[in-house]
file start-v6.txt (compact mmCIF, C-alpha atoms)
# COMPACT_ATOMS: atom_id res chain seq x y z
CA MET D 11 30.14 16.73 45.34
CA MET D 12 32.66 16.53 42.49
CA MET D 13 34.53 19.71 41.63
CA ASN D 14 37.07 20.55 38.98
CA ALA D 15 40.38 22.38 39.59
CA ASP D 16 38.61 25.74 39.52
CA HIS D 17 36.35 24.72 42.39
CA GLN D 18 33.39 24.72 40.05
CA PRO D 19 30.95 21.89 39.34
CA PRO D 20 32.25 19.77 36.46
CA ASN D 21 29.58 21.04 34.07
CA HIS D 22 29.75 24.70 34.98
CA ASP D 23 29.29 26.81 31.92
CA PRO D 24 30.58 30.41 32.31
CA GLU D 25 28.66 31.42 29.19
CA LEU D 26 25.41 30.92 31.02
CA ASP D 27 26.07 33.27 33.90
CA ASP D 28 23.73 35.75 32.21
CA HIS D 29 20.89 33.30 32.73
CA ALA D 30 21.32 33.32 36.49
CA ASP D 31 17.61 33.52 37.08
CA GLN D 32 17.20 30.18 35.34
CA LEU D 33 20.14 28.46 36.92
CA ARG D 34 19.76 26.04 39.75
CA ALA D 35 22.13 25.31 42.57
CA PRO D 36 25.31 23.61 41.33
CA GLN D 37 24.51 20.36 43.06
CA ASP D 38 21.32 20.03 40.97
CA VAL D 39 23.01 20.44 37.60
CA SER D 40 24.64 17.01 37.65
CA LEU D 41 21.36 15.33 38.55
CA ASP D 42 19.63 17.00 35.62
CA ILE D 43 22.33 15.80 33.27
CA LEU D 44 22.04 12.29 34.66
CA ILE D 45 18.29 12.34 34.18
CA VAL D 46 18.68 13.48 30.58
CA ARG D 47 21.20 10.74 29.87
CA LEU D 48 18.99 8.11 31.42
CA ALA D 49 15.89 9.31 29.59
CA ASP D 50 17.72 9.46 26.26
CA GLY D 51 19.32 6.05 26.69
CA ASP D 52 22.86 7.46 26.78
CA ALA D 53 23.63 6.56 30.39
CA THR D 54 26.67 4.49 31.24
CA ASP D 55 26.88 2.06 34.15
CA ALA D 56 28.64 4.76 36.13
CA ASP D 57 25.74 7.14 35.45
CA TRP D 58 23.26 4.58 36.71
CA SER D 59 25.31 3.96 39.82
CA GLU D 60 25.52 7.64 40.63
CA PHE D 61 21.83 8.12 40.02
CA GLN D 62 20.94 5.20 42.26
CA LEU D 63 23.19 6.61 44.93
CA ARG D 64 21.39 9.93 44.82
CA ALA D 65 17.99 8.25 44.69
CA ALA D 66 18.67 5.75 47.46
CA SER D 67 16.90 7.76 50.12
CA ASP D 68 14.79 10.09 48.02
CA ARG D 69 11.98 9.29 45.61
CA ILE D 70 12.19 12.68 43.90
CA PRO D 71 14.90 11.67 41.38
CA TRP D 72 12.80 8.70 40.29
CA GLN D 73 9.77 10.92 39.89
CA ARG D 74 11.75 13.40 37.87
CA LEU D 75 13.10 10.61 35.71
CA ALA D 76 9.59 9.31 35.03
CA GLU D 77 8.44 12.83 34.14
CA GLU D 78 11.47 13.36 31.91
CA GLN D 79 10.80 10.17 30.00
CA TYR D 80 7.18 11.09 29.47
CA ILE D 81 7.94 14.64 28.37
CA THR D 82 10.72 13.55 26.06
CA THR D 83 8.43 11.09 24.34
CA GLN D 84 5.69 13.68 23.92
CA LEU D 85 8.10 16.36 22.70
CA ARG D 86 9.61 14.02 20.13
CA GLN D 87 6.19 13.07 18.90
CA GLY D 88 5.25 16.74 18.55
CA PHE D 89 8.54 17.41 16.76
CA THR D 90 8.00 14.52 14.34
CA GLU D 91 4.52 15.72 13.46
CA ALA D 92 5.65 19.33 13.07
CA THR D 93 8.47 18.41 10.70
CA SER D 94 6.82 15.63 8.69
CA LEU D 95 6.02 17.91 5.74
CA ALA D 96 9.37 19.65 5.83
CA LEU D 97 11.20 16.34 5.51
CA ASN D 98 9.51 15.77 2.16
CA VAL D 99 11.10 18.89 0.70
CA ARG D 100 13.47 18.04 -2.15
CA LEU D 101 16.31 19.87 -3.79
CA PRO D 102 15.33 21.72 -6.99
CA HIS D 103 16.84 19.14 -9.35
CA GLU D 104 15.26 16.31 -7.36
CA ALA D 105 11.86 17.99 -7.46
CA GLU D 106 12.04 18.25 -11.22
CA SER D 107 12.94 14.60 -11.77
CA HIS D 108 10.28 13.55 -9.27
CA GLN D 109 7.71 15.57 -11.21
CA ASN D 110 8.66 13.76 -14.43
CA GLU D 111 8.27 10.39 -12.73
CA PHE D 112 4.87 11.39 -11.44
CA GLU D 113 3.64 12.45 -14.86
CA SER D 114 4.62 9.17 -16.47
CA PHE D 115 3.25 7.23 -13.54
CA ASP D 116 0.06 9.20 -13.80
CA ASP D 117 -0.49 7.89 -17.33
CA THR D 118 0.04 4.38 -16.11
CA ARG D 119 -2.33 4.90 -13.24
CA PHE D 120 -4.93 6.31 -15.58
CA SER D 121 -4.84 3.26 -17.79
CA ILE D 122 -4.94 0.95 -14.79
CA ALA D 123 -7.87 2.90 -13.35
CA THR D 124 -9.75 2.61 -16.62
CA PHE D 125 -9.06 -1.12 -16.78
CA ALA D 126 -10.13 -1.58 -13.17
CA ARG D 127 -13.37 0.28 -13.69
CA THR D 128 -14.23 -1.86 -16.68
CA TYR D 129 -13.32 -5.29 -15.36
CA GLY D 130 -12.91 -4.69 -11.65
CA GLY D 131 -16.24 -6.13 -10.68
CA TRP D 132 -15.55 -9.43 -12.39
CA PHE D 133 -12.08 -9.68 -10.84
CA ALA D 134 -13.43 -8.95 -7.39
CA ALA D 135 -16.03 -11.67 -7.72
CA ALA D 136 -13.44 -14.14 -8.99
CA ALA D 137 -11.10 -13.29 -6.13
CA ALA D 138 -13.87 -13.85 -3.58
CA VAL D 139 -14.73 -17.25 -5.03
CA LEU D 140 -11.07 -18.23 -5.08
CA ALA D 141 -10.59 -17.17 -1.46
CA LEU D 142 -13.61 -19.17 -0.37
CA ALA D 143 -12.38 -22.23 -2.21
CA ILE D 144 -8.95 -22.00 -0.62
CA ASN D 145 -10.45 -21.51 2.82
CA LEU D 146 -12.60 -24.59 2.50
CA ALA D 147 -9.77 -26.70 1.10
CA LEU D 148 -7.12 -25.86 3.74
CA PRO D 149 -7.06 -27.78 7.08
CA LEU D 150 -7.72 -25.84 10.26
CA GLN D 151 -4.58 -24.23 11.57
CA THR D 152 -4.00 -23.89 15.25
CA VAL D 153 -1.19 -22.67 17.44
CA PRO D 154 0.68 -25.38 19.32
CA ASN D 155 0.46 -24.65 22.98
CA ASP D 156 3.88 -24.50 24.56
CA ASN D 157 2.54 -25.19 28.01
CA SER D 158 1.66 -28.82 27.92
CA ALA D 159 2.35 -32.09 26.19
CA LEU D 160 -1.37 -32.80 26.27
CA ASP D 161 -1.97 -30.14 23.66
CA GLN D 162 0.82 -31.53 21.57
CA GLY D 163 -0.85 -34.92 21.75
CA SER D 164 -4.20 -33.40 20.86
CA LEU D 165 -2.70 -31.70 17.88
CA ALA D 166 -0.99 -34.86 16.79
CA ALA D 167 -4.28 -36.72 16.99
CA ALA D 168 -6.12 -34.03 15.09
CA ASN D 169 -3.41 -33.69 12.50
CA PRO D 170 -2.12 -37.15 11.66
CA ASN D 171 0.19 -35.76 9.03
CA ASN D 172 2.00 -33.84 11.80
CA GLN D 173 2.25 -30.73 9.73
CA SER D 174 3.75 -27.71 11.40
CA THR D 175 1.16 -25.21 12.43
CA GLN D 176 1.03 -21.45 12.12
CA SER D 177 -1.11 -19.08 14.16
CA LEU D 178 -3.84 -17.09 12.48
CA PRO D 179 -5.72 -15.28 15.24
CA VAL D 180 -4.63 -11.79 16.21
CA VAL D 181 -3.31 -11.61 19.75
CA TYR D 182 -3.39 -8.28 21.52
CA THR D 183 -0.76 -7.42 24.06
CA PRO D 184 -1.78 -5.91 27.39
CA ASP D 185 -0.46 -2.55 26.19
CA GLN D 186 -2.68 -2.71 23.13
CA HIS D 187 -5.68 -3.50 25.26
CA TYR D 188 -4.80 -0.63 27.55
CA GLN D 189 -4.43 1.72 24.60
CA GLU D 190 -7.80 0.63 23.32
CA TYR D 191 -9.31 1.37 26.72
CA LEU D 192 -7.74 4.86 26.74
CA ASP D 193 -9.36 5.54 23.37
CA ALA D 194 -12.81 4.70 24.71
CA PRO D 195 -15.28 7.59 24.57
CA HIS D 196 -15.80 7.78 28.32
CA VAL D 197 -12.09 8.12 29.09
CA VAL D 198 -11.09 11.76 29.37
CA ARG D 199 -7.38 11.47 29.77
CA GLU D 200 -4.56 9.72 31.56
CA LEU D 201 -2.85 11.78 34.22
CA PRO D 202 0.90 11.46 34.72
CA PRO D 203 1.84 8.32 36.62
CA MET D 204 2.57 8.71 40.30
CA LEU D 205 5.60 6.97 41.65
CA MET D 206 4.74 5.05 44.81
CA GLN D 207 7.91 3.21 45.58
CA ALA D 208 11.33 2.49 44.20
CA ARG D 209 13.12 -0.62 45.39
CA THR D 210 15.72 -3.15 44.41
CA ASN D 211 14.33 -6.55 43.47
CA GLU D 212 15.91 -9.94 43.92
CA SER D 213 17.75 -9.70 40.62
CA GLY D 214 19.44 -6.51 41.71
CA GLN D 215 17.43 -4.41 39.28
CA ARG D 216 15.71 -1.22 40.22
CA GLU D 217 11.97 -1.73 40.37
CA LEU D 218 9.50 1.12 40.16
CA ILE D 219 6.02 0.78 41.62
CA TYR D 220 3.85 3.48 40.20
CA MET D 221 0.19 4.24 39.94
CA ARG D 222 -1.57 4.98 36.69
CA ARG D 223 -4.41 7.45 36.98
CA ILE D 224 -7.26 7.54 34.53
CA VAL D 225 -9.91 10.23 34.39
CA GLU D 226 -13.28 9.06 33.18
CA ARG D 227 -16.54 10.87 32.68
CA GLN D 228 -20.06 9.67 33.07
CA VAL D 229 -23.31 11.39 32.36
CA SER D 230 -25.89 10.62 34.99
CA THR D 231 -29.48 10.40 33.87
CA GLY D 232 -30.78 10.70 37.40
CA LEU D 233 -29.19 11.81 40.61
CA PHE D 234 -30.53 10.49 43.88
CA GLU D 235 -29.77 11.93 47.24
CA LEU D 236 -28.71 9.72 50.09
CA ARG D 237 -30.47 10.70 53.28
CA ARG D 238 -31.27 9.25 56.70
CA ASP D 239 -34.71 8.51 58.02
CA GLU D 240 -35.85 9.02 61.61
CA ASN D 241 -34.14 5.77 62.64
CA ASN D 242 -30.88 6.87 61.01
CA ASN D 243 -31.26 4.30 58.25
CA PRO D 244 -29.90 5.34 54.84
CA ILE D 245 -32.61 5.95 52.25
CA MET D 246 -32.61 7.12 48.67
CA SER D 247 -34.74 10.16 48.22
CA SER D 248 -36.26 11.55 45.07
CA PRO D 249 -33.96 12.33 42.12
CA VAL D 250 -32.06 15.59 42.34
CA GLN D 251 -32.60 17.79 39.32
CA PRO D 252 -29.30 19.20 38.06
CA ARG D 253 -29.16 22.94 37.91
CA ARG D 254 -29.84 24.10 34.40
CA ASN D 255 -28.29 27.07 32.76
CA ALA D 256 -30.11 28.31 29.72
CA ASP D 257 -26.87 29.27 28.03
CA ARG D 258 -25.07 26.03 28.70
CA GLU D 259 -25.93 22.70 27.23
CA ILE D 260 -25.69 19.87 29.69
CA GLN D 261 -23.46 17.18 28.29
CA MET O 2 34.39 13.53 0.20
CA GLU O 3 30.67 13.97 -0.33
CA VAL O 4 30.87 17.66 0.48
CA GLN O 5 33.75 18.16 -1.90
CA ALA O 6 31.92 16.31 -4.65
CA ALA O 7 28.85 18.47 -4.06
CA MET O 8 31.01 21.59 -4.20
CA GLY O 9 32.22 20.36 -7.56
CA GLY O 10 28.66 20.15 -8.89
CA ASP O 11 27.89 16.49 -8.28
CA GLU O 12 24.09 16.41 -7.96
CA SER O 13 23.91 12.94 -6.46
CA ALA O 14 26.38 13.97 -3.76
CA LEU O 15 24.28 17.05 -3.11
CA SER O 16 21.15 14.91 -2.83
CA ALA O 17 22.91 12.59 -0.41
CA LEU O 18 24.00 15.53 1.73
CA TRP O 19 20.46 16.89 1.78
CA ARG O 20 18.99 13.56 2.82
CA SER O 21 21.45 13.13 5.67
CA HIS O 22 21.21 16.69 7.03
CA LYS O 23 17.61 17.80 6.54
CA ARG O 24 16.33 16.37 9.84
CA TRP O 25 18.53 18.50 12.03
CA LEU O 26 18.00 21.43 9.68
CA ALA O 27 14.29 21.19 10.44
CA ALA O 28 15.14 21.41 14.16
CA ILE O 29 17.25 24.53 13.57
CA LEU O 30 14.44 26.13 11.60
CA LEU O 31 11.91 25.30 14.31
CA SER O 32 14.22 26.97 16.82
CA HIS O 33 14.48 30.25 14.94
CA LYS O 34 11.43 30.63 12.74
CA PRO O 35 8.60 33.06 13.48
CA ARG O 36 5.33 31.48 14.52
CA GLU O 37 3.51 32.59 11.38
CA ILE O 38 5.86 30.83 8.98
CA ASP O 39 5.69 27.12 8.21
CA VAL O 40 8.89 25.16 8.58
CA GLU O 41 8.40 23.47 5.20
CA ASP O 42 8.44 26.86 3.47
CA LEU O 43 11.76 27.69 5.09
CA MET O 44 13.10 24.28 4.12
CA GLN O 45 12.39 25.15 0.50
CA ASP O 46 14.41 28.34 0.89
CA VAL O 47 17.29 26.48 2.50
CA ALA O 48 17.23 23.83 -0.23
CA VAL O 49 17.52 26.46 -2.93
CA LYS O 50 20.31 28.29 -1.10
CA LEU O 51 22.21 25.06 -0.57
CA VAL O 52 22.19 24.32 -4.27
CA THR O 53 23.06 27.86 -5.34
CA LYS O 54 25.69 28.59 -2.70
CA ILE O 55 27.46 25.28 -2.10
CA HIS O 56 30.29 26.38 -4.36
CA THR O 57 30.99 29.31 -2.00
CA LEU O 58 31.83 27.00 0.91
CA ARG O 59 35.53 27.35 1.66
CA ASP O 60 36.17 24.55 4.12
CA PRO O 61 34.36 21.22 3.58
CA ASN O 62 34.86 20.41 7.25
CA ALA O 63 32.74 23.41 8.18
CA PHE O 64 29.77 22.23 6.14
CA ARG O 65 27.43 21.71 9.10
CA PRO O 66 27.96 25.10 10.76
CA TRP O 67 27.76 26.72 7.32
CA LEU O 68 24.46 25.00 6.57
CA ARG O 69 23.15 25.92 10.01
CA GLN O 70 23.93 29.56 9.35
CA ILE O 71 22.02 29.40 6.07
CA ALA O 72 19.03 28.02 7.94
CA ILE O 73 19.23 30.69 10.64
CA ASN O 74 19.52 33.44 8.04
CA ALA O 75 16.48 32.09 6.20
CA ALA O 76 14.49 32.08 9.45
CA ARG O 77 15.59 35.61 10.33
CA GLU O 78 14.74 36.89 6.88
CA SER O 79 11.26 35.43 7.17
CA ALA O 80 10.90 37.06 10.60
CA ARG O 81 11.87 40.42 9.12
CA SER O 82 9.35 39.88 6.35
CA VAL O 83 6.63 39.13 8.87
CA ASN O 84 7.51 42.25 10.86
CA ARG O 85 7.43 44.35 7.70
CA GLN O 86 3.97 43.08 6.85
CA ARG O 87 2.82 43.69 10.39
CA ASN O 88 4.13 47.27 10.29
CA GLU O 89 2.48 47.89 6.96
CA ARG O 90 -0.84 46.72 8.29
CA SER O 91 -0.58 48.91 11.37
CA SER O 92 0.07 52.01 9.25
CA LEU O 93 -3.13 51.59 7.25
CA GLU O 94 -6.36 53.38 8.08
CA PRO O 95 -8.70 51.17 10.08
CA ASN O 96 -11.17 50.96 7.19
CA ASP O 97 -8.47 49.61 4.93
CA ILE O 98 -7.58 46.76 7.16
CA GLU O 99 -9.11 43.43 6.39
CA VAL O 100 -8.51 41.33 9.38
CA ALA O 101 -8.61 37.69 8.57
CA ASN O 102 -9.25 35.97 11.84
CA PRO O 103 -10.76 32.61 11.14
CA LYS O 104 -12.06 30.92 14.20
CA ILE O 105 -9.93 27.87 14.54
CA GLU O 106 -11.80 25.14 16.29
CA ALA O 107 -10.00 22.16 17.60
CA ALA O 108 -11.01 19.06 15.74
CA PRO O 109 -12.78 16.76 18.14
CA ALA O 110 -10.83 13.85 16.75
CA VAL O 111 -7.41 15.25 17.77
CA ALA O 112 -5.96 12.92 20.36
CA GLU O 113 -5.12 14.34 23.76
CA ARG O 114 -1.57 13.04 23.47
CA GLN O 115 -1.00 14.76 20.10
CA GLU O 116 -2.08 18.06 21.62
CA GLU O 117 0.32 17.57 24.50
CA GLY O 118 3.24 16.95 22.14
CA ALA O 119 2.39 20.03 20.11
CA SER O 120 1.96 22.06 23.29
CA LEU O 121 5.36 20.99 24.62
CA LEU O 122 6.95 21.77 21.27
CA ALA O 123 5.39 25.23 21.26
CA PHE O 124 6.80 25.89 24.72
CA ALA O 125 10.21 24.55 23.70
CA GLN O 126 10.24 27.12 20.91
CA THR O 127 9.92 29.88 23.50
CA LEU O 128 12.92 28.78 25.56
CA PRO O 129 15.94 31.07 25.65
CA PRO O 130 17.98 30.71 22.44
CA ASP O 131 20.88 28.92 24.16
CA PHE O 132 18.59 26.12 25.29
CA ARG O 133 16.18 25.98 22.36
CA GLU O 134 18.52 24.56 19.76
CA PRO O 135 19.98 21.72 21.88
CA VAL O 136 16.52 20.70 23.09
CA LEU O 137 15.04 20.58 19.60
CA LEU O 138 18.12 19.06 18.00
CA ARG O 139 17.94 16.28 20.55
CA CYS O 140 14.49 15.43 19.22
CA VAL O 141 16.09 14.35 15.96
CA GLN O 142 16.27 10.61 16.11
CA GLY O 143 19.80 9.32 16.19
CA LEU O 144 21.47 12.69 16.72
CA SER O 145 23.94 12.40 19.60
CA CYS O 146 25.20 15.17 21.87
CA LYS O 147 28.55 14.89 20.13
CA GLN O 148 26.95 15.56 16.75
CA ILE O 149 24.94 18.43 18.20
CA ALA O 150 28.17 19.86 19.58
CA GLU O 151 29.67 19.67 16.11
CA ILE O 152 26.71 21.47 14.57
CA LEU O 153 26.64 24.21 17.20
CA GLN O 154 30.43 24.43 17.47
CA LEU O 155 30.34 24.02 21.24
CA PRO O 156 31.89 21.54 23.70
CA VAL O 157 29.90 18.42 24.46
CA THR O 158 29.72 19.35 28.15
CA THR O 159 28.15 22.68 27.25
CA ILE O 160 25.58 20.92 25.10
CA GLU O 161 24.73 18.53 27.91
CA THR O 162 24.39 21.37 30.38
CA ARG O 163 22.16 23.42 28.12
CA LEU O 164 20.13 20.39 27.17
CA SER O 165 19.56 19.43 30.79
CA ARG O 166 18.56 22.95 31.77
CA GLY O 167 16.26 23.36 28.81
CA ARG O 168 14.55 20.06 29.55
CA ARG O 169 14.24 21.01 33.18
CA MET O 170 12.36 24.13 32.15
CA LEU O 171 10.09 21.94 30.06
CA ARG O 172 9.52 19.65 33.03
CA GLU O 173 8.67 22.55 35.31
CA GLU O 174 6.29 24.04 32.79
CA TRP O 175 4.60 20.70 32.26
CA SER O 176 4.30 20.16 36.03
CA ARG O 177 2.74 23.57 36.38
CA ARG O 178 0.19 22.79 33.68
CA THR O 179 -0.70 19.36 34.96
CA SER O 180 -0.94 20.32 38.60
CA GLU O 181 -4.51 21.45 37.96
CA PRO O 182 -5.96 19.27 35.19
CA ASP O 183 -8.62 21.12 33.23
CA LEU O 184 -11.35 18.53 32.87
CA ALA O 185 -13.82 20.99 31.39
CA SER O 186 -11.63 21.66 28.37
CA THR O 187 -10.95 18.01 27.70
CA SER O 188 -14.46 16.69 28.20
CA SER O 189 -15.67 18.54 25.11
CA THR O 190 -13.31 16.52 22.90
CA ARG O 191 -14.87 13.25 23.87
CA GLY O 192 -18.10 11.78 22.60
CA THR O 193 -20.95 10.41 24.59
CA PRO O 194 -20.08 7.92 27.25
CA SER O 195 -20.69 4.25 26.77
call {"tool": "encode", "arguments": {"input": "start-v6.txt", "output": "structure tokens"}}
result
Amino acid sequence: MMMNADHQPPNHDPELDDHADQLRAPQDVSLDILIVRLADGDATDADWSEFQLRAASDRIPWQRLAEEQYITTQLRQGFTEATSLALNVRLPHEAESHQNEFESFDDTRFSIATFARTYGGWFAAAAAVLALAINLALPLQTVPNDNSALDQGSLAAANPNNQSTQSLPVVYTPDQHYQEYLDAPHVVRELPPMLMQARTNESGQRELIYMRRIVERQVSTGLFELRRDENNNPIMSSPVQPRRNADREIQ
Amino acid sequence: MEVQAAMGGDESALSALWRSHKRWLAAILLSHKPREIDVEDLMQDVAVKLVTKIHTLRDPNAFRPWLRQIAINAARESARSVNRQRNERSSLEPNDIEVANPKIEAAPAVAERQEEGASLLAFAQTLPPDFREPVLLRCVQGLSCKQIAEILQLPVTTIETRLSRGRRMLREEWSRRTSEPDLASTSSTRGTPS
């Protein structure tokens, strides 16, 4: 344990002695600071080394680091939402000039709105026809597959002019798919991840194996009871009626 | 240079100062404001005071601590105002009191994660004062511990210590809340299952 000349932990703060009930043992203070640095992206190589040393035989630091990263992200999101309106506040002289810009812009918008209402339908129809014509005129565009020469040959055969191709379809990343799943109606929430193992991989990097836990809900239209007959064979008996409470609506 | 120009009445310099400092000002206001007051209202007060009092600043190098004090004073004044109103209401006869207590229902569309962020922020605002400011200032994107130390006029090591302890309290509170997930309260925010 590192100590300074006064035999105190290096980050001992005498001003905080009044908060003794909230203080931890001195040896935990440095770990908390390390975790904050790591979670905030301010850690040096020496910080990482010290953290790995402390976490070599104990999974708790890794768990605390995972929790810290999650909480920090959530807190920052809450902070951003809470201050979004406040950040639009202008100084008095800025507010006045902004108001003048808005009034002149408003006149422009009014005239554009009037024009759009009058001729908008015709323009929309013309734009649709133009888009259809362009779509029919352009050759099909595909993404060259980096994996094989066969696809390159196929593309060359299909496109004798050997024009470069651009991708059009939208490709979702696994994270986007996962996010979409979390937004599904039957998903209640995601619990905090549980760290299973921390190990060093072949590249010398620290690898975290953690479990993601998802809570889902399902409404059952009929509950059957599993019973045993006289020969101890499992059988499904008649549906079990859920207990109804007149004051509570069953969801 | 910018501060000195603003002190001399340069409006563009004043605007530039406001743009570069208002994020951490919002964090200071969140740390000290009463719950009933919106942070954007206090920002308006601070903006007006900045413009009207910038010429009273004596040392341009002390601009950040000076601005912080303006923000804290604005928050404290609003807290006193809230207390005054509360005392006035309590001195009225019961028949004279019109209690406005609208039932606030959580919008079903509010995402679980947004609620968690807001909940953590609300708890952060109840931390002891020494920890509250560093924790909330650290939420400002791009604000380093060194810059926080300059704003709060404290050593960087003190800031790191307070920040780590404040965040530890947050972690412990969050662990306490999530140790028994309340499925009944969350299930009502979801629609019918697929």
call {"tool": "interface_residues", "arguments": {"input": "start-v6.txt", "of": "chain D", "to": "chain O", "cutoff": "8 Å", "atoms": "all atoms listed in the file", "output": "short mmCIF file (atom, residue, chain, number, x, y, z; two decimals) with C-alpha atoms, in the frame of the given file"}}
result
data_model
loop_
_atom_site.label_atom_id
_atom_site.label_comp_id
_atom_site.auth_asym_id
_atom_site.auth_seq_id
_atom_site.Cartn_x
_atom_site.Cartn_y
_atom_site.Cartn_z
CA ASN D 21 29.58 21.04 34.07
CA HIS D 22 29.75 24.70 34.98
CA ASP D 23 29.29 26.81 31.92
CA LEU D 33 20.14 28.46 36.92
CA VAL D 39 23.01 20.44 37.60
CA ASP D 42 19.63 17.00 35.62
CA ILE D 43 22.33 15.80 33.27
CA ILE D 45 18.29 12.34 34.18
CA VAL D 46 18.68 13.48 30.58
CA GLU D 77 8.44 12.83 34.14
CA GLU D 78 11.47 13.36 31.91
CA ILE D 81 7.94 14.64 28.37
CA GLN D 84 5.69 13.68 23.92
CA LEU D 85 8.10 16.36 22.70
CA ARG D 86 9.61 14.02 20.13
CA GLN D 87 6.19 13.07 18.90
CA GLY D 88 5.25 16.74 18.55
CA PHE D 89 8.54 17.41 16.76
CA ALA D 92 5.65 19.33 13.07
CA THR D 93 8.47 18.41 10.70
CA LEU D 95 6.02 17.91 5.74
CA ALA D 96 9.37 19.65 5.83
CA LEU D 97 11.20 16.34 5.51
CA VAL D 99 11.10 18.89 0.70
CA ARG D 100 13.47 18.04 -2.15
CA LEU D 101 16.31 19.87 -3.79
CA PRO D 102 15.33 21.72 -6.99
CA HIS D 103 16.84 19.14 -9.35
CA GLU D 104 15.26 16.31 -7.36
CA PRO D 195 -15.28 7.59 24.57
CA HIS D 196 -15.80 7.78 28.32
CA VAL D 197 -12.09 8.12 29.09
CA VAL D 198 -11.09 11.76 29.37
CA ARG D 199 -7.38 11.47 29.77
CA LEU D 201 -2.85 11.78 34.22
CA ARG D 227 -16.54 10.87 32.68
CA GLN D 228 -20.06 9.67 33.07
CA VAL D 229 -23.31 11.39 32.36
#
call {"tool": "residues_around", "arguments": {"input": "start-v6.txt", "residues": "stretch 57-68 of chain D", "least_positions_apart": "6", "cutoff": "12 Å", "atoms": "all atoms listed in the file", "output": "list in words"}}
result
Met11, Met12, Gln37, Asp38, Ser40, Leu41, Asp42, Ile43, Leu44, Ile45, Val46, Arg47, Leu48, Ala49, Gly51, Arg74, Leu75, Leu205, Met206, Gln207, Ala208, Arg209, Thr210, Gly214, Gln215, Arg216, Glu217 and Leu218 of chain D
call {"tool": "closest_residue", "arguments": {"input": "start-v6.txt", "among": "O:Gln86, O:Ile149, O:Met8, O:Ile38", "to": "O:Arg59", "atoms": "all atoms listed in the file"}}
result
O:Met8
call {"tool": "atom_distance", "arguments": {"input": "start-v6.txt", "atom1": "atom CA of O:Glu151", "atom2": "atom CA of O:Pro66"}}
result
7.8 Å
call {"tool": "atom_distance", "arguments": {"input": "start-v6.txt", "atom1": "atom CA of O:Ile73", "atom2": "atom CA of O:Ala6"}}
result
24.5 Å
call {"tool": "residues_around", "arguments": {"input": "start-v6.txt", "residues": "O:Ser79", "least_positions_apart": "4", "cutoff": "8 Å", "atoms": "only C-alpha atoms", "output": "list of chain:residue names"}}
result
O:Lys34, O:Pro35, O:Ile38, O:Ala75, O:Val83
